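Have a look at model.cif; it's mmCIF, C-alpha atoms and all ligand atoms:
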```cif
data_my_file
#
loop_
_atom_site.group_PDB
_atom_site.id
_atom_site.type_symbol
_atom_site.label_atom_id
_atom_site.label_comp_id
_atom_site.auth_asym_id
_atom_site.auth_seq_id
_atom_site.Cartn_x
_atom_site.Cartn_y
_atom_site.Cartn_z
ATOM 1 C CA MET A 20 29.097 -3.080 17.758
ATOM 2 C CA ARG A 21 27.405 -5.918 15.884
ATOM 3 C CA LEU A 22 29.752 -5.933 12.872
ATOM 4 C CA ASN A 23 32.928 -6.466 14.892
ATOM 5 C CA ARG A 24 31.740 -9.914 15.941
ATOM 6 C CA HIS A 25 31.764 -10.940 12.276
ATOM 7 C CA MET A 26 35.134 -9.615 11.310
ATOM 8 C CA THR A 27 37.094 -12.488 12.800
ATOM 9 C CA SER A 28 36.265 -14.823 9.905
ATOM 10 C CA ASP A 29 37.486 -14.511 6.322
ATOM 11 C CA ALA A 30 34.543 -16.433 4.837
ATOM 12 C CA PRO A 31 32.831 -14.449 2.027
ATOM 13 C CA VAL A 32 29.503 -14.481 3.860
ATOM 14 C CA LEU A 33 28.993 -14.468 7.633
ATOM 15 C CA TYR A 34 25.925 -15.433 9.634
ATOM 16 C CA ASP A 35 25.229 -14.276 13.158
ATOM 17 C CA LEU A 36 22.180 -14.809 15.336
ATOM 18 C CA THR A 37 21.864 -12.485 18.305
ATOM 19 C CA ASP A 38 18.705 -11.610 20.211
ATOM 20 C CA ALA A 39 16.441 -13.153 17.516
ATOM 21 C CA VAL A 40 18.092 -11.074 14.763
ATOM 22 C CA ALA A 41 19.961 -12.952 12.022
ATOM 23 C CA THR A 42 22.664 -10.787 10.478
ATOM 24 C CA ILE A 43 24.095 -11.808 7.108
ATOM 25 C CA THR A 44 27.307 -9.949 6.366
ATOM 26 C CA LEU A 45 28.898 -9.916 2.920
ATOM 27 C CA ASN A 46 32.542 -10.127 3.755
ATOM 28 C CA ARG A 47 34.858 -9.262 0.876
ATOM 29 C CA PRO A 48 35.592 -5.677 1.928
ATOM 30 C CA ALA A 49 38.652 -5.195 -0.327
ATOM 31 C CA ALA A 50 36.378 -5.630 -3.371
ATOM 32 C CA LEU A 51 33.438 -3.750 -1.808
ATOM 33 C CA ASN A 52 31.741 -7.115 -1.197
ATOM 34 C CA SER A 53 31.394 -7.950 -4.867
ATOM 35 C CA LEU A 54 29.902 -11.383 -5.378
ATOM 36 C CA THR A 55 32.085 -14.240 -6.567
ATOM 37 C CA THR A 56 30.492 -17.613 -7.323
ATOM 38 C CA GLN A 57 31.364 -18.803 -3.806
ATOM 39 C CA ALA A 58 29.917 -15.645 -2.252
ATOM 40 C CA ARG A 59 26.660 -16.099 -4.174
ATOM 41 C CA VAL A 60 26.403 -19.748 -3.110
ATOM 42 C CA ASP A 61 27.125 -18.848 0.513
ATOM 43 C CA LEU A 62 24.716 -15.906 0.443
ATOM 44 C CA LEU A 63 21.885 -18.107 -0.796
ATOM 45 C CA ALA A 64 22.666 -20.658 1.912
ATOM 46 C CA ALA A 65 22.700 -17.946 4.580
ATOM 47 C CA LEU A 66 19.355 -16.574 3.383
ATOM 48 C CA ARG A 67 17.841 -20.069 3.469
ATOM 49 C CA ARG A 68 19.244 -20.586 6.937
ATOM 50 C CA ALA A 69 17.706 -17.319 8.135
ATOM 51 C CA ALA A 70 14.365 -18.251 6.574
ATOM 52 C CA SER A 71 14.211 -21.633 8.310
ATOM 53 C CA ASP A 72 15.857 -20.587 11.596
ATOM 54 C CA GLU A 73 12.934 -20.385 14.022
ATOM 55 C CA ALA A 74 15.063 -18.441 16.463
ATOM 56 C CA ALA A 75 15.536 -15.689 13.854
ATOM 57 C CA ARG A 76 12.623 -13.234 13.777
ATOM 58 C CA ALA A 77 14.225 -10.454 11.748
ATOM 59 C CA VAL A 78 17.009 -10.508 9.168
ATOM 60 C CA VAL A 79 19.653 -7.866 8.508
ATOM 61 C CA ILE A 80 21.740 -7.920 5.325
ATOM 62 C CA THR A 81 24.871 -5.789 5.355
ATOM 63 C CA GLY A 82 28.426 -5.494 4.111
ATOM 64 C CA ALA A 83 31.801 -5.432 5.834
ATOM 65 C CA GLY A 84 34.078 -2.444 5.368
ATOM 66 C CA ARG A 85 33.192 0.622 3.291
ATOM 67 C CA GLY A 86 30.869 -1.078 0.786
ATOM 68 C CA PHE A 87 27.448 -2.694 1.055
ATOM 69 C CA CYS A 88 27.662 -4.816 -2.097
ATOM 70 C CA VAL A 89 28.689 -3.903 -5.657
ATOM 71 C CA GLY A 90 27.074 -6.879 -7.379
ATOM 72 C CA GLN A 91 28.866 -9.365 -9.577
ATOM 73 C CA ASP A 92 32.609 -9.723 -8.994
ATOM 74 C CA LEU A 93 33.851 -8.342 -12.291
ATOM 75 C CA ARG A 94 37.351 -9.806 -11.963
ATOM 76 C CA GLN A 95 36.018 -13.353 -11.814
ATOM 77 C CA HIS A 96 33.362 -12.471 -14.388
ATOM 78 C CA ALA A 97 36.008 -11.236 -16.858
ATOM 79 C CA GLU A 98 37.979 -14.461 -16.421
ATOM 80 C CA GLU A 99 34.854 -16.508 -17.121
ATOM 81 C CA LEU A 100 33.990 -14.457 -20.197
ATOM 82 C CA ALA A 101 37.554 -14.875 -21.452
ATOM 83 C CA ALA A 102 37.422 -18.630 -20.841
ATOM 84 C CA GLY A 103 34.221 -18.973 -22.890
ATOM 85 C CA GLY A 104 31.569 -21.519 -21.957
ATOM 86 C CA GLU A 105 28.251 -21.144 -20.184
ATOM 87 C CA GLY A 106 29.575 -19.898 -16.792
ATOM 88 C CA PRO A 107 28.526 -16.243 -17.002
ATOM 89 C CA PHE A 108 25.222 -17.053 -18.688
ATOM 90 C CA THR A 109 23.834 -19.287 -15.953
ATOM 91 C CA THR A 110 24.565 -16.860 -13.129
ATOM 92 C CA VAL A 111 21.125 -15.282 -13.165
ATOM 93 C CA SER A 112 19.160 -18.531 -13.200
ATOM 94 C CA GLU A 113 21.445 -20.368 -10.767
ATOM 95 C CA HIS A 114 22.286 -17.571 -8.354
ATOM 96 C CA TYR A 115 20.613 -14.182 -8.637
ATOM 97 C CA ASN A 116 17.059 -15.394 -9.208
ATOM 98 C CA PRO A 117 17.113 -17.808 -6.250
ATOM 99 C CA ILE A 118 18.703 -15.080 -4.076
ATOM 100 C CA ALA A 119 16.005 -12.586 -5.110
ATOM 101 C CA ARG A 120 13.239 -15.121 -4.464
ATOM 102 C CA GLU A 121 14.685 -15.995 -1.066
ATOM 103 C CA ILE A 122 14.774 -12.338 0.042
ATOM 104 C CA ALA A 123 11.327 -11.585 -1.394
ATOM 105 C CA GLY A 124 9.845 -14.747 0.122
ATOM 106 C CA MET A 125 11.525 -14.455 3.540
ATOM 107 C CA PRO A 126 8.837 -15.234 6.155
ATOM 108 C CA LYS A 127 10.126 -12.480 8.443
ATOM 109 C CA PRO A 128 11.130 -8.829 8.078
ATOM 110 C CA VAL A 129 14.324 -8.020 6.180
ATOM 111 C CA ILE A 130 16.414 -4.889 6.706
ATOM 112 C CA ALA A 131 19.170 -3.812 4.332
ATOM 113 C CA ARG A 132 21.805 -2.080 6.459
ATOM 114 C CA ILE A 133 23.442 -0.041 3.706
ATOM 115 C CA ASN A 134 26.795 0.878 5.157
ATOM 116 C CA GLY A 135 28.378 1.985 1.861
ATOM 117 C CA VAL A 136 28.082 1.812 -1.893
ATOM 118 C CA ALA A 137 25.313 -0.433 -3.262
ATOM 119 C CA ALA A 138 25.647 -1.278 -6.959
ATOM 120 C CA GLY A 139 24.268 -3.716 -9.520
ATOM 121 C CA ALA A 140 22.865 -6.865 -7.962
ATOM 122 C CA GLY A 141 23.867 -5.434 -4.563
ATOM 123 C CA LEU A 142 21.388 -2.601 -5.006
ATOM 124 C CA SER A 143 18.814 -5.007 -6.435
ATOM 125 C CA MET A 144 19.023 -7.179 -3.303
ATOM 126 C CA ALA A 145 18.624 -4.154 -1.035
ATOM 127 C CA MET A 146 15.535 -3.105 -2.984
ATOM 128 C CA LEU A 147 13.835 -6.403 -2.112
ATOM 129 C CA ALA A 148 14.258 -5.828 1.626
ATOM 130 C CA ASP A 149 11.395 -4.385 3.662
ATOM 131 C CA PHE A 150 13.528 -1.548 5.000
ATOM 132 C CA ARG A 151 16.639 0.192 3.665
ATOM 133 C CA ILE A 152 18.556 2.175 6.277
ATOM 134 C CA ALA A 153 21.571 3.934 4.775
ATOM 135 C CA ALA A 154 24.675 5.515 6.217
ATOM 136 C CA GLN A 155 25.229 9.092 5.100
ATOM 137 C CA SER A 156 28.353 8.049 3.158
ATOM 138 C CA ALA A 157 26.513 5.345 1.191
ATOM 139 C CA SER A 158 25.877 5.774 -2.513
ATOM 140 C CA PHE A 159 23.724 3.970 -5.038
ATOM 141 C CA THR A 160 24.088 2.963 -8.664
ATOM 142 C CA THR A 161 22.279 0.426 -10.786
ATOM 143 C CA ALA A 162 25.679 0.011 -12.532
ATOM 144 C CA PHE A 163 24.310 -2.342 -15.195
ATOM 145 C CA ALA A 164 24.401 0.188 -18.058
ATOM 146 C CA GLY A 165 28.024 0.931 -17.211
ATOM 147 C CA ILE A 166 29.005 -2.585 -18.275
ATOM 148 C CA GLY A 167 26.457 -3.107 -21.046
ATOM 149 C CA LEU A 168 23.983 -5.271 -19.136
ATOM 150 C CA SER A 169 20.219 -4.883 -18.718
ATOM 151 C CA CYS A 170 19.431 -5.651 -15.059
ATOM 152 C CA ASP A 171 18.785 -8.549 -12.721
ATOM 153 C CA THR A 172 17.857 -9.705 -9.200
ATOM 154 C CA GLY A 173 14.428 -8.135 -9.577
ATOM 155 C CA ALA A 174 15.545 -4.550 -10.247
ATOM 156 C CA SER A 175 13.025 -4.210 -13.099
ATOM 157 C CA TRP A 176 10.265 -5.018 -10.595
ATOM 158 C CA SER A 177 11.431 -3.251 -7.452
ATOM 159 C CA LEU A 178 13.086 -0.062 -8.718
ATOM 160 C CA GLN A 179 10.042 1.397 -10.440
ATOM 161 C CA ARG A 180 7.848 0.480 -7.479
ATOM 162 C CA LEU A 181 10.150 2.361 -5.126
ATOM 163 C CA VAL A 182 11.021 5.443 -7.167
ATOM 164 C CA GLY A 183 8.385 5.480 -9.938
ATOM 165 C CA PRO A 184 8.790 4.614 -13.637
ATOM 166 C CA ALA A 185 10.442 7.861 -14.736
ATOM 167 C CA ARG A 186 13.205 7.800 -12.125
ATOM 168 C CA ALA A 187 13.649 4.061 -12.585
ATOM 169 C CA ARG A 188 14.469 4.668 -16.230
ATOM 170 C CA GLU A 189 16.826 7.494 -15.290
ATOM 171 C CA MET A 190 18.648 5.295 -12.796
ATOM 172 C CA LEU A 191 18.891 2.317 -15.129
ATOM 173 C CA PHE A 192 19.917 4.177 -18.280
ATOM 174 C CA ASP A 193 22.336 6.453 -16.422
ATOM 175 C CA ALA A 194 24.458 4.510 -13.961
ATOM 176 C CA SER A 195 25.910 7.606 -12.269
ATOM 177 C CA PRO A 196 25.925 7.024 -8.507
ATOM 178 C CA ILE A 197 23.472 9.020 -6.392
ATOM 179 C CA THR A 198 24.011 10.075 -2.791
ATOM 180 C CA ALA A 199 22.207 8.685 0.235
ATOM 181 C CA GLU A 200 20.444 12.009 0.658
ATOM 182 C CA ARG A 201 19.098 11.863 -2.906
ATOM 183 C CA ALA A 202 18.142 8.223 -2.377
ATOM 184 C CA THR A 203 15.902 9.218 0.535
ATOM 185 C CA GLU A 204 14.373 12.100 -1.435
ATOM 186 C CA ILE A 205 13.250 9.758 -4.218
ATOM 187 C CA GLY A 206 12.087 6.969 -1.902
ATOM 188 C CA LEU A 207 14.871 4.517 -2.683
ATOM 189 C CA VAL A 208 15.792 4.218 1.001
ATOM 190 C CA ASN A 209 13.680 4.642 4.127
ATOM 191 C CA SER A 210 16.145 6.760 6.059
ATOM 192 C CA VAL A 211 19.696 8.033 6.175
ATOM 193 C CA VAL A 212 21.643 8.308 9.392
ATOM 194 C CA ALA A 213 25.124 9.526 10.301
ATOM 195 C CA ASP A 214 27.701 6.785 9.684
ATOM 196 C CA ASP A 215 28.378 6.346 13.390
ATOM 197 C CA GLU A 216 24.657 6.026 14.113
ATOM 198 C CA LEU A 217 23.955 3.250 11.608
ATOM 199 C CA ASP A 218 24.487 0.376 14.050
ATOM 200 C CA ALA A 219 22.199 1.891 16.652
ATOM 201 C CA ALA A 220 19.492 2.725 14.112
ATOM 202 C CA VAL A 221 19.504 -0.740 12.538
ATOM 203 C CA ASP A 222 19.774 -2.543 15.886
ATOM 204 C CA ALA A 223 16.792 -0.619 17.250
ATOM 205 C CA LEU A 224 14.646 -1.371 14.200
ATOM 206 C CA ALA A 225 15.732 -5.036 14.005
ATOM 207 C CA ARG A 226 15.032 -5.627 17.697
ATOM 208 C CA ARG A 227 11.670 -3.935 17.430
ATOM 209 C CA LEU A 228 10.718 -6.110 14.458
ATOM 210 C CA ALA A 229 12.087 -9.259 16.138
ATOM 211 C CA ALA A 230 9.854 -8.554 19.115
ATOM 212 C CA GLY A 231 6.842 -7.975 16.863
ATOM 213 C CA PRO A 232 4.133 -10.195 15.341
ATOM 214 C CA THR A 233 6.308 -12.439 13.126
ATOM 215 C CA LEU A 234 3.370 -14.297 11.576
ATOM 216 C CA ALA A 235 1.585 -11.058 10.761
ATOM 217 C CA TYR A 236 4.764 -9.616 9.236
ATOM 218 C CA ALA A 237 5.132 -12.704 7.033
ATOM 219 C CA ALA A 238 1.522 -12.347 5.904
ATOM 220 C CA MET A 239 2.005 -8.598 5.276
ATOM 221 C CA ARG A 240 4.959 -9.397 3.018
ATOM 222 C CA GLU A 241 2.787 -11.887 1.115
ATOM 223 C CA VAL A 242 -0.222 -9.622 0.670
ATOM 224 C CA LEU A 243 1.869 -6.626 -0.386
ATOM 225 C CA GLY A 244 3.764 -8.716 -2.941
ATOM 226 C CA TYR A 245 0.527 -10.160 -4.287
ATOM 227 C CA ALA A 246 -1.411 -6.894 -4.350
ATOM 228 C CA ALA A 247 1.384 -5.204 -6.330
ATOM 229 C CA THR A 248 0.336 -7.177 -9.416
ATOM 230 C CA HIS A 249 -3.369 -7.877 -8.824
ATOM 231 C CA THR A 250 -6.684 -6.048 -8.779
ATOM 232 C CA LEU A 251 -8.349 -4.786 -5.614
ATOM 233 C CA ASP A 252 -10.908 -7.556 -5.925
ATOM 234 C CA GLU A 253 -8.186 -10.215 -6.097
ATOM 235 C CA ALA A 254 -6.274 -8.574 -3.247
ATOM 236 C CA LEU A 255 -9.377 -8.694 -1.038
ATOM 237 C CA ASP A 256 -9.702 -12.439 -1.660
ATOM 238 C CA PHE A 257 -5.982 -12.938 -0.979
ATOM 239 C CA GLU A 258 -6.096 -10.951 2.274
ATOM 240 C CA GLU A 259 -9.015 -12.858 3.753
ATOM 241 C CA PRO A 260 -7.348 -16.245 4.519
ATOM 242 C CA ARG A 261 -4.274 -14.477 5.860
ATOM 243 C CA MET A 262 -6.408 -12.432 8.216
ATOM 244 C CA HIS A 263 -8.043 -15.683 9.229
ATOM 245 C CA ALA A 264 -4.636 -17.347 9.832
ATOM 246 C CA THR A 265 -3.157 -14.445 11.794
ATOM 247 C CA GLY A 266 -6.462 -14.041 13.632
ATOM 248 C CA SER A 267 -6.164 -17.675 14.777
ATOM 249 C CA SER A 268 -2.624 -17.222 16.119
ATOM 250 C CA ASP A 269 -1.550 -17.197 19.758
ATOM 251 C CA ASP A 270 0.117 -13.853 19.024
ATOM 252 C CA HIS A 271 -3.206 -12.285 18.097
ATOM 253 C CA ARG A 272 -5.146 -13.735 21.030
ATOM 254 C CA ARG A 273 -2.461 -12.788 23.537
ATOM 255 C CA ALA A 274 -1.948 -9.349 22.006
ATOM 256 C CA VAL A 275 -5.647 -8.576 22.333
ATOM 257 C CA GLU A 276 -5.571 -9.769 25.944
ATOM 258 C CA ALA A 277 -2.385 -7.813 26.554
ATOM 259 C CA PHE A 278 -3.911 -4.717 24.947
ATOM 260 C CA LEU A 279 -6.829 -4.900 27.325
ATOM 261 C CA ALA A 280 -4.365 -5.436 30.185
ATOM 262 C CA LYS A 281 -2.297 -2.565 28.678
ATOM 263 C CA GLN A 282 0.774 -4.808 28.133
ATOM 264 C CA PRO A 283 1.275 -5.909 24.469
ATOM 265 C CA THR A 284 3.578 -8.855 23.726
ATOM 266 C CA PHE A 285 4.383 -11.152 20.769
ATOM 267 C CA GLU A 286 6.018 -14.578 20.614
ATOM 268 C CA GLY A 287 5.876 -15.259 16.870
ATOM 269 C CA ARG A 288 3.326 -18.093 16.877
HETATM 270 O O1 LIG A 301 26.534 -13.058 -15.733
HETATM 271 C C1 LIG A 301 25.786 -12.305 -15.128
HETATM 272 O O2 LIG A 301 24.624 -12.636 -14.875
HETATM 273 C C2 LIG A 301 26.298 -10.960 -14.691
HETATM 274 C C3 LIG A 301 25.522 -10.430 -13.552
HETATM 275 C C4 LIG A 301 25.777 -9.224 -13.090
HETATM 276 C C5 LIG A 301 25.089 -8.651 -11.926
HETATM 277 C C6 LIG A 301 25.722 -7.339 -11.532
HETATM 278 O O3 LIG A 301 25.769 -7.062 -10.355
HETATM 279 S S1 LIG A 301 26.348 -6.362 -12.752
HETATM 280 C C7 LIG A 301 27.031 -4.967 -11.884
HETATM 281 C C8 LIG A 301 28.436 -5.229 -11.448
HETATM 282 N N1 LIG A 301 28.956 -4.122 -10.670
HETATM 283 C C9 LIG A 301 29.454 -3.033 -11.199
HETATM 284 O O4 LIG A 301 29.489 -2.847 -12.402
HETATM 285 C C10 LIG A 301 30.020 -2.003 -10.243
HETATM 286 C C11 LIG A 301 31.477 -1.734 -10.572
HETATM 287 N N2 LIG A 301 32.056 -0.836 -9.582
HETATM 288 C C12 LIG A 301 31.960 0.489 -9.690
HETATM 289 O O5 LIG A 301 31.370 1.058 -10.593
HETATM 290 C C13 LIG A 301 32.643 1.283 -8.619
HETATM 291 O O6 LIG A 301 33.564 0.453 -7.964
HETATM 292 C C14 LIG A 301 31.653 1.855 -7.583
HETATM 293 C C15 LIG A 301 30.874 3.038 -8.199
HETATM 294 C C16 LIG A 301 30.671 0.795 -7.110
HETATM 295 C C17 LIG A 301 32.427 2.374 -6.359
HETATM 296 O O7 LIG A 301 33.436 3.253 -6.776
HETATM 297 P P1 LIG A 301 34.602 3.674 -5.760
HETATM 298 O O8 LIG A 301 35.364 4.766 -6.434
HETATM 299 O O9 LIG A 301 33.999 3.972 -4.436
HETATM 300 O O10 LIG A 301 35.484 2.374 -5.533
HETATM 301 P P2 LIG A 301 36.538 1.729 -6.562
HETATM 302 O O11 LIG A 301 37.870 2.331 -6.373
HETATM 303 O O12 LIG A 301 35.965 1.715 -7.933
HETATM 304 O O13 LIG A 301 36.562 0.204 -6.058
HETATM 305 C C18 LIG A 301 37.285 -0.186 -4.886
HETATM 306 C C19 LIG A 301 37.840 -1.563 -5.137
HETATM 307 O O14 LIG A 301 36.739 -2.447 -5.341
HETATM 308 C C20 LIG A 301 38.663 -1.629 -6.429
HETATM 309 O O15 LIG A 301 39.664 -2.613 -6.242
HETATM 310 P P3 LIG A 301 41.226 -2.170 -6.156
HETATM 311 O O16 LIG A 301 41.524 -1.451 -7.439
HETATM 312 O O17 LIG A 301 41.289 -1.266 -4.956
HETATM 313 O O18 LIG A 301 41.948 -3.470 -6.010
HETATM 314 C C21 LIG A 301 37.662 -2.114 -7.447
HETATM 315 O O19 LIG A 301 38.258 -2.783 -8.538
HETATM 316 C C22 LIG A 301 36.875 -3.103 -6.588
HETATM 317 N N3 LIG A 301 35.545 -3.327 -7.175
HETATM 318 C C23 LIG A 301 34.540 -2.449 -7.258
HETATM 319 N N4 LIG A 301 33.507 -3.032 -7.860
HETATM 320 C C24 LIG A 301 33.874 -4.279 -8.147
HETATM 321 C C25 LIG A 301 35.189 -4.476 -7.716
HETATM 322 N N5 LIG A 301 35.820 -5.641 -7.873
HETATM 323 C C26 LIG A 301 35.161 -6.635 -8.495
HETATM 324 N N6 LIG A 301 33.906 -6.518 -8.933
HETATM 325 C C27 LIG A 301 33.222 -5.383 -8.763
HETATM 326 N N7 LIG A 301 31.930 -5.312 -9.174
#
```

Would you write the structure of this file as structure tokens?
Amino acid sequence: MRLNRHMTSDAPVLYDLTDAVATITLNRPAALNSLTTQARVDLLAALRRAASDEAARAVVITGAGRGFCVGQDLRQHAEELAAGGEGPFTTVSEHYNPIAREIAGMPKPVIARINGVAAGAGLSMAMLADFRIAAQSASFTTAFAGIGLSCDTGASWSLQRLVGPARAREMLFDASPITAERATEIGLVNSVVADDELDAAVDALARRLAAGPTLAYAAMREVLGYAATHTLDEALDFEEPRMHATGSSDDHRRAVEAFLAKQPTFEGR
């Protein structure tokens, strides 16, 4: 099982590359993988490593233990608030925004493997992935309202795009957790699987994506992100050079040849 390989280290964030899949594991299970300053720094570094690692053609973000990620570590946060100073007020600009941009701008597919509760910035990060595969026992809460905060890590952008404006308001204003089943019903996650089937489901998807047209996936991420905030006319202009670029790739040429030979294959270039 993929996760066991990571559990030997007590670093707050683990990075594993196996079979072209980079797995980033948040590793503070006793606190449901809440994010301390060190964890946020290490997470950003791991995301940057995955982005620039040419051997990595798909990225999985997950959590160790029974949680996915519950956002800001509130113990450390409370200490910083009590100490006064700028600490808590630079977290968004120094940590969460760069983390959100790194996930959103990842030039390869990203899967959130949601093994347990996802809350606050943890949920926000998952919402920026291309795919969210949840274990049946996972639950979801924006959490921000519960501690008197608005929202961060792109939740204002992603949540309403996934579940629609009415449900986004419901989920932000009311931080009551929802089940994995409900999350699928409203489009927050792609699929829910039995807890003991999560590894197999995520591995199968990650391997399939890692064997796919990496350059085309990167361009798909770009055009979808762009089109979300532009007109059809602008989207058409934005698509054109990316079709040209992917159409000039070895992957495309070989895939067409392989299609005609009835044997598709991609190498990511
Ligand atoms: O400055 C800034 O920019 C702030 C930025 C903030 C970004 C954010 O992410 S804000 C949102 C922060 N997160 C939360 O508010 C979530 C708080 N947690 C919860 O509401 C609940 O724990 C859950 C609903 C997520 C799960 O509930 P449950 O019953 O499954 O677990 P639990 O018993 O509450 O928690 C288990 C342990 O994890 C517990 O520790 P203990 O008592 O066993 O030693 C709990 O304290 C710890 N834990 C849970 N969430 C956090 C946490 N520890 C630190 N920080 C947490 N966020």

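The interatomic distance for the pair atom C17 of ligand LIG 301 (chain A) and CA of Gly90 in chain A works out to 10.7 Å.
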
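Closest to Asn116 in chain A among A:Leu66, A:Gly173, A:Arg94, A:Gly165 is A:Gly173, based on only C-alpha atoms.
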
- request: Please write out the residues within 6 Å of ligand LIG 301 (chain A) as an MDAnalysis selection string, counting only C-alpha atoms and all ligand atoms.
  value: chainID A and resid 50:51 53 89:94 107:108 110:111 136 138:140 162:163 166

task: Find the residues near Ala30 in chain A: any atom within 9 Å, counting all atoms listed in the file, skip ones fewer than 2 places away on the same chain, and give them as a PyMOL selection string.
output: chain A and resi 28+32-33+45-47+58+61

- line: Of A:Leu279, A:Cys88, A:Met125, A:Val60, the one nearest to Glu241 in chain A when counting only C-alpha atoms is A:Met125

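Interatomic distance, CA of Ala49 in chain A to CA of Ile197 in chain A: 21.7 Å.
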
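Take CA of Ala264 in chain A and CA of Arg120 in chain A: the distance between them is 23.0 Å.
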
message: Just checking: using all atoms listed in the file, which residue out of A:Pro126, A:Gly106, A:Gly86, A:Pro260 ends up closest to Thr56 in chain A?
response: A:Gly106

Please report as a Markdown table every residue of range 227-260 of chain A lying within 12 Å of range 174-189 of chain A, along with the nearest atom pair and their distance in Å (one decimal), using all atoms listed in the file.
```
| residue | atom | partner | partner_atom | distance |
| --- | --- | --- | --- | --- |
| A:Leu243 | CA | A:Arg180 | CA | 11.7 |
| A:Gly244 | CA | A:Ser177 | CA | 10.4 |
| A:Ala247 | CA | A:Arg180 | CA | 8.7 |
| A:Thr248 | CA | A:Trp176 | CA | 10.2 |
```

message: Calculated over only C-alpha atoms, which of the candidates A:Thr81, A:Thr284, A:Thr203, A:Thr37 has the smallest distance to Asn52 in chain A?
response: A:Thr81

query: Looking at all atoms listed in the file, which of A:His114, A:Arg201, A:His263, A:His249 is the one that sits closest to Ala153 in chain A?
result: A:Arg201

query: Excluding same-chain residues fewer than 3 positions from Phe150 in chain A, what lies within 7 Å of it counting all atoms listed in the file, as a list in words?
result: Val129, Ile130, Ala131 and Asn209 of chain A

For C-alpha atoms, I'd like the residues from the last selection saved as a PDB file, keeping the file's coordinate frame.
```
ATOM      1  CA  VAL A 129      14.324  -8.020   6.180  1.00  0.00           C
ATOM      2  CA  ILE A 130      16.414  -4.889   6.706  1.00  0.00           C
ATOM      3  CA  ALA A 131      19.170  -3.812   4.332  1.00  0.00           C
ATOM      4  CA  ASN A 209      13.680   4.642   4.127  1.00  0.00           C
TER       5      ASN A 209
END
```

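Nearest residue to Leu63 in chain A among A:Ala39, A:Val242, A:Ile133, A:Met144 is A:Met144, counting only C-alpha atoms.
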
- request: Check what the PyMOL selection byres (((chain A and resi 77) around 8) and not hetatm) selects in the file above and give those residues as a ChimeraX atom specification.
  value: /A:39-41,75-76,78-79,127-130,225-226,228-229

Where does range 143-237 of chain A meet range 269-273 of chain A within 12 Å, residue by residue, with the nearest atom pair and distance in Å to one decimal for each, counting all atoms listed in the file, listed by chain and rising number, as a Markdown table?
```
| residue | atom | partner | partner_atom | distance |
| --- | --- | --- | --- | --- |
| A:Ala230 | CA | A:Asp270 | CA | 11.1 |
| A:Gly231 | CA | A:Asp270 | CA | 9.2 |
| A:Pro232 | CA | A:Asp270 | CA | 6.6 |
| A:Thr233 | CA | A:Asp270 | CA | 8.7 |
| A:Leu234 | CA | A:Asp270 | CA | 8.1 |
| A:Ala235 | CA | A:Asp270 | CA | 8.8 |
| A:Tyr236 | CA | A:Asp270 | CA | 11.6 |
```

field: Output check: residues returned by the PyMOL selection byres (((chain A and resi 217) around 12) and not hetatm), as a ChimeraX atom specification
entry: /A:20-22,81,131-135,151-157,210-216,218-225

task: Kindly extract all protein, DNA and RNA residues lying within 7 Å of the coordinates (25.2, 5.9, -10.6) given in the file, considering all atoms listed in the file, and supply them as a PyMOL selection string.
output: chain A and resi 159-162+190+193-197

Six-sided padding of 3 Å per side, axis-aligned box over range 81-84 of chain A, centre and edges in Å, one decimal, as JSON:
```
{"center_x": 29.5, "center_y": -4.1, "center_z": 5.0, "size_x": 15.2, "size_y": 9.3, "size_z": 7.7}
```
